[in-house]
2 protein chains.
Amino acid sequence: MSERKRKEEPCITMAHGGGGEMTQKLLKERIIPKLANDLLNPLNDSAVLPQVDGRLCMTTDSFVVQPLEFPGGDIGHLAVCGTVNDLVVMGAKPLALSLGMIIEEGLPLATLDRMVDSIAATAREAGVVIATGDTKVIERGKGDGLMINTAGIGVMRDDVELDASRIEEGDLLLINGNVADHGLAVMSVREHLEFDTDLLSDAAPLGSLIDTLLAAGGREVKFLRDPTRGGLSGVLCDLAADTGFSVEIEEANVPISRVALHTAELLGLDPLSVANEGKVVAVIGKDAADAVLSACKAHPLGGMGALIGRFTTATPPLVELITRGGGRRMVTRPYGEELPRIC
Amino acid sequence: MSERKRKEEPCITMAHGGGGEMTQKLLKERIIPKLANDLLNPLNDSAVLPQVDGRLCMTTDSFVVQPLEFPGGDIGHLAVCGTVNDLVVMGAKPLALSLGMIIEEGLPLATLDRMVDSIAATAREAGVVIATGDTKVIERGKGDGLMINTAGIGVMRDDVELDASRIEEGDLLLINGNVADHGLAVMSVREHLEFDTDLLSDAAPLGSLIDTLLAAGGREVKFLRDPTRGGLSGVLCDLAADTGFSVEIEEANVPISRVALHTAELLGLDPLSVANEGKVVAVIGKDAADAVLSACKAHPLGGMGALIGRFTTATPPLVELITRGGGRRMVTRPYGEELPRIC
């Protein structure tokens with residue numbers, strides 16, 4: 001794009017964040033109509049939700065992914081999926097999200113429009129409303145285009161009991177499909193490999209899939225977690241530390257695409273430690289595992305689902321990968337920033 | 001501080017945000033113990049709250065104030081006060097906050113420690129818990145030290161009815177003290193005027209004061225709003241637009257300190273448009289106004305409280321200031337960024 005063209009493109013200015021007429025105009029013309037629901041009201045800083053009766057679940061996540069748009073998704077899609085997923089893996093039915101946007105001066109309004117469209121579409125897909133929001137603008141060079149925080153609340157289902165303390169020896173681990181696609185899709189753009197691969201982010205709202213797993217397994221589904229930052233390794237290390245059991249994973253059973261394996265190799269990354277945004281790890285009592293796996297495979301987000309491992313009493317509690325060759329390798333939690341800013 | 005000393009100061013690194021061991025260490029050693037409560041659990045991304053029965057209120061705010069520390073407060077204090085206040089002005093009892101921190105690589109750990117201490121102390125003061133959180137790190141030069149998002153949920157009180165549609169001709173406007181202190185205190189540091197003034201930010205959690213006002217006025221307290229971005233002018237313009245009534249304000253009755261007036265003059269700002277963070281504007285039926293004012297003045301956060309104006313049927317609906325000299329001046333909503341990044 002020529003310099004002249006770029007200058008003509010309408011962009012976010014500091015005035016959009018001052019809380020005055022320009023802020024009102026931005027909200028009323030470009031944001032609120034797209035998120036339209038009865039709870040959002042530009043005059044009120046808070047939303048009043050309908051009566052609830054139950055235990056609440058609350059979560060928050062800030063999204064700082066770069067680039068803002070990547071194969072298979074964008075920061076807006078991610079910001080809704082990430083927070084909805086943190087609720088549904090707890091056994092909660094999502095009620096509402098809040099949306100806090102920190103916009104850098106100079107962000108093209110067209111980019112903001114696309115991100116708000118994406119937030120609105122993903123919220124509809126996930127069956128959740130954006131109940132309240134806040135928009136701030138920071139000076140050029142003090143931010144990074146757009147950062148989004150979403151917080152979410154839900155009501156706990158009372159027909160399930162998801163708690164790592166219920167895990168026993170012999171319980172099985174299920175994942176609903178290929179690992180590492182999200183992190184590798186984002187990294188492939190950052191490393192300019194996107195034309196060499198057709199990797200797409202797997203980001204998706206998991207509510208419907210999790211309803212399916214819980215319907216099939218009931219109370220035998222003992223624990224759910226979405227393997228985001230830290231990847232599958234992070235979740236398994238947390239589980240070993242928290243339960244005192246060891247975890248044994250069969251490398252041959254962990255679903256991963258050929259292109260993801262290849263991309264991870266190019267980037268020098270362990271795919272088990274790469275973030276996913278549309279995956280769930282489920283711990284299931286062994287007698288219910290086949291039924292839950294069948295239900296998973298019949299769901300649009302679970303076709304590549306697999307049972308990948310089990311809990312054992314080996315001590316000290318460790319996570320071990322049984323390799324394709326039959327060897328054993330210890331799986332450790334990534335130490336630092338293997339993959340910065342992929343969510 | 002010498003360059004040598006600065007280099008030795010322990011700082012946030014990208015590895016603190018990667019979701020691995022370094023992230024766990026940061027959370028477990030420096031953040032979670034200070035916010036200690038039963039709901040926060042480093043393994044779970046979400047918190048499960050006790051049973052509630054009622055209508056919920058939800059709000060969110062991102063805080064990007066610069067500098068992070070200013071006379072009378074800091075970004076951590078502000079991040080708790082702002083969100084708690086958005087709940088209590090709706091007539092909600094705060095239940096829990098979420099805390100999303102976006103930290104720039106290179107932030108001294110000592111600064112982070114002070115901010116977390118401030119968040120913890122303010123939450124205790126406001127009687128609210130930090131139930132869940134998220135921490136991200138972005139590269140040096142892509143952020144601005146520390147940005148904080150807090151979302152909050154509360155349960156609506158059912159003994160009050162705060163709704164702008166209940167406002168009538170003759171209703172009176174109360175404010176609990178001096179306007180403009182927060183915005184001017186922050187701006188005075190940015191403009192290097194801090195040694196010329198003893199202005200302090202007025203940021204404070206308003207729950208206890210609002211309980212007092214509602215106890216004194218009951219249902220005759222018809223509307224509450226905290227005049228943050230956009231200041232008193234912003235709230236009054238919103239009210240005129242929303243109710244169809246005009247608002248008449250007596251300049252002589254609007255509480256403002258001599259030093260704030262002087263500082264606003266130096267900075268070329270209209271103090272009515274400057275953000276407050278410890279103020280509430282209340283609309284009160286005229287027969288209850290004296291009782292509410294007395295209760296306000298007896299509260300530690302309301303000693304300088306005053307009745308500042310009234311609703312009239314003048315058309316078209318406008319906000320007018322009756323000046324000390326007896327003239328009339330129209331009050332308009334600030335257009336753009338009179339005061340960027342003061343919250």
# chains A, B, ... in the order shown; residues from 1 in each chain; ligands from 1
$ interface_residues --of "chain A" --to "chain B" --cutoff "6 Å" --atoms "only C-alpha atoms" --output "JSON list (two decimals) with N, CA and C atoms, in the first residue's frame"
[["chain", "number", "residue", "atom", "x", "y", "z"],
["A", 15, "ALA", "N", -8.47, 10.59, 20.46],
["A", 15, "ALA", "CA", -9.78, 11.15, 20.82],
["A", 15, "ALA", "C", -10.85, 10.06, 20.95],
["A", 18, "GLY", "N", -11.12, 9.10, 24.72],
["A", 18, "GLY", "CA", -11.17, 10.11, 25.77],
["A", 18, "GLY", "C", -12.42, 10.09, 26.63],
["A", 19, "GLY", "N", -13.40, 9.29, 26.24],
["A", 19, "GLY", "CA", -14.63, 9.25, 27.03],
["A", 19, "GLY", "C", -15.63, 10.32, 26.62],
["A", 20, "GLY", "N", -15.33, 11.07, 25.54],
["A", 20, "GLY", "CA", -16.23, 12.13, 25.10],
["A", 20, "GLY", "C", -17.07, 11.71, 23.91],
["A", 21, "GLU", "N", -17.44, 12.71, 23.10],
["A", 21, "GLU", "CA", -18.32, 12.46, 21.96],
["A", 21, "GLU", "C", -17.73, 11.42, 21.00],
["A", 22, "MET", "N", -16.41, 11.50, 20.77],
["A", 22, "MET", "CA", -15.78, 10.58, 19.82],
["A", 22, "MET", "C", -15.87, 9.14, 20.31],
["A", 46, "SER", "N", -22.25, -0.87, 33.65],
["A", 46, "SER", "CA", -22.44, -2.25, 34.09],
["A", 46, "SER", "C", -23.71, -2.80, 33.46],
["A", 47, "ALA", "N", -23.77, -4.10, 33.37],
["A", 47, "ALA", "CA", -24.96, -4.76, 32.83],
["A", 47, "ALA", "C", -25.67, -5.49, 33.96],
["A", 48, "VAL", "N", -26.99, -5.47, 33.93],
["A", 48, "VAL", "CA", -27.77, -6.26, 34.88],
["A", 48, "VAL", "C", -28.28, -7.50, 34.16],
["A", 49, "LEU", "N", -27.95, -8.66, 34.71],
["A", 49, "LEU", "CA", -28.30, -9.93, 34.07],
["A", 49, "LEU", "C", -29.56, -10.50, 34.71],
["A", 50, "PRO", "N", -30.19, -11.42, 34.02],
["A", 50, "PRO", "CA", -31.39, -12.04, 34.59],
["A", 50, "PRO", "C", -31.06, -12.81, 35.88],
["A", 51, "GLN", "N", -32.10, -13.09, 36.62],
["A", 51, "GLN", "CA", -32.00, -13.87, 37.87],
["A", 51, "GLN", "C", -31.23, -15.18, 37.64],
["A", 52, "VAL", "N", -30.32, -15.51, 38.54],
["A", 52, "VAL", "CA", -29.68, -16.82, 38.48],
["A", 52, "VAL", "C", -29.82, -17.48, 39.83],
["A", 53, "ASP", "N", -29.77, -18.78, 39.83],
["A", 53, "ASP", "CA", -29.87, -19.53, 41.08],
["A", 53, "ASP", "C", -28.89, -20.69, 40.93],
["A", 54, "GLY", "N", -27.74, -20.56, 41.54],
["A", 54, "GLY", "CA", -26.75, -21.62, 41.42],
["A", 54, "GLY", "C", -25.38, -21.09, 41.80],
["A", 55, "ARG", "N", -24.40, -21.98, 41.68],
["A", 55, "ARG", "CA", -23.02, -21.57, 41.92],
["A", 55, "ARG", "C", -22.50, -20.95, 40.64],
["A", 56, "LEU", "N", -21.80, -19.82, 40.78],
["A", 56, "LEU", "CA", -21.25, -19.15, 39.61],
["A", 56, "LEU", "C", -19.82, -19.60, 39.35],
["A", 57, "CYS", "N", -19.44, -19.50, 38.10],
["A", 57, "CYS", "CA", -18.06, -19.71, 37.71],
["A", 57, "CYS", "C", -17.59, -18.44, 37.04],
["A", 58, "MET", "N", -16.38, -17.99, 37.34],
["A", 58, "MET", "CA", -15.86, -16.74, 36.78],
["A", 58, "MET", "C", -14.45, -16.97, 36.27],
["A", 59, "THR", "N", -14.14, -16.36, 35.14],
["A", 59, "THR", "CA", -12.80, -16.51, 34.57],
["A", 59, "THR", "C", -12.43, -15.26, 33.80],
["A", 60, "THR", "N", -11.14, -15.08, 33.53],
["A", 60, "THR", "CA", -10.69, -13.95, 32.71],
["A", 60, "THR", "C", -9.46, -14.35, 31.93],
["A", 61, "ASP", "N", -9.28, -13.71, 30.79],
["A", 61, "ASP", "CA", -8.11, -13.96, 29.97],
["A", 61, "ASP", "C", -7.83, -12.70, 29.15],
["A", 132, "THR", "N", -21.16, -6.45, 28.71],
["A", 132, "THR", "CA", -20.61, -5.15, 29.12],
["A", 132, "THR", "C", -19.21, -5.02, 28.55],
["A", 133, "GLY", "N", -18.75, -3.79, 28.37],
["A", 133, "GLY", "CA", -17.45, -3.61, 27.76],
["A", 133, "GLY", "C", -16.79, -2.31, 28.15],
["A", 134, "ASP", "N", -15.56, -2.17, 27.69],
["A", 134, "ASP", "CA", -14.77, -0.96, 27.96],
["A", 134, "ASP", "C", -13.76, -0.83, 26.83],
["A", 142, "LYS", "N", 2.89, 2.65, 22.09],
["A", 142, "LYS", "CA", 2.76, 2.21, 23.48],
["A", 142, "LYS", "C", 1.95, 0.93, 23.58],
["A", 143, "GLY", "N", 1.45, 0.47, 22.46],
["A", 143, "GLY", "CA", 0.65, -0.76, 22.48],
["A", 143, "GLY", "C", 1.05, -1.61, 21.29],
["A", 144, "ASP", "N", 0.16, -2.49, 20.89],
["A", 144, "ASP", "CA", 0.52, -3.38, 19.78],
["A", 144, "ASP", "C", -0.72, -3.68, 18.95],
["A", 229, "ARG", "N", -1.93, -22.27, 26.73],
["A", 229, "ARG", "CA", -0.50, -22.00, 26.99],
["A", 229, "ARG", "C", 0.13, -23.17, 27.73],
["A", 230, "GLY", "N", 1.27, -23.61, 27.28],
["A", 230, "GLY", "CA", 1.91, -24.76, 27.91],
["A", 230, "GLY", "C", 1.51, -26.07, 27.25],
["A", 333, "ARG", "N", 7.08, -29.73, 31.93],
["A", 333, "ARG", "CA", 6.39, -28.47, 31.63],
["A", 333, "ARG", "C", 7.40, -27.55, 30.95],
["A", 334, "PRO", "N", 6.98, -26.86, 29.88],
["A", 334, "PRO", "CA", 7.92, -25.90, 29.27],
["A", 334, "PRO", "C", 8.38, -24.90, 30.35],
["A", 335, "TYR", "N", 9.64, -24.47, 30.27],
["A", 335, "TYR", "CA", 10.17, -23.61, 31.31],
["A", 335, "TYR", "C", 9.71, -22.18, 31.14],
["A", 336, "GLY", "N", 9.98, -21.63, 29.97],
["A", 336, "GLY", "CA", 9.70, -20.20, 29.81],
["A", 336, "GLY", "C", 8.85, -19.92, 28.60],
["A", 337, "GLU", "N", 9.33, -19.05, 27.73],
["A", 337, "GLU", "CA", 8.48, -18.63, 26.63],
["A", 337, "GLU", "C", 8.81, -19.38, 25.35],
["A", 340, "PRO", "N", 5.89, -17.15, 22.73],
["A", 340, "PRO", "CA", 5.28, -15.97, 23.30],
["A", 340, "PRO", "C", 4.11, -15.47, 22.44]]
$ select_by_dssp --residues "region 69-258 of chain A" --states "strand (DSSP E or B)" --output "PyMOL selection string"
chain A and resi 69-70+73-74+92-104+108+129-138+146-156+172-175+221-225+246-250
$ residues_around --residues "region 193-209 of chain A" --least-positions-apart "2" --cutoff "7 Å" --atoms "only C-alpha atoms" --output "NGL selection string"
:A and (71-73 or 78 or 81 or 84-85 or 88 or 126 or 181-182 or 185 or 188-189 or 191 or 211-213 or 259-260 or 276-278 or 299 or 301)
$ closest_residue --among "A:Pro227, A:Pro10, A:Leu236, A:Leu307" --to "Lys279 (chain A)" --atoms "only C-alpha atoms"
A:Pro227
$ residues_around --residues "Phe223 (chain A)" --least-positions-apart "3" --cutoff "8 Å" --atoms "only C-alpha atoms" --output "list in words"
Val89, Leu162, Asp163, Ala164, Ile167, Ala282, Val283 and Ile284 of chain A
$ atom_distance --atom1 "CA of Leu174 (chain B)" --atom2 "CA of Val280 (chain B)"
8.1 Å
$ select_by_dssp --residues "region 3-141 of chain B" --states "alpha helix (DSSP H)" --output "MDAnalysis selection string"
chainID B and resid 3:8 21:26 75:88 109:126
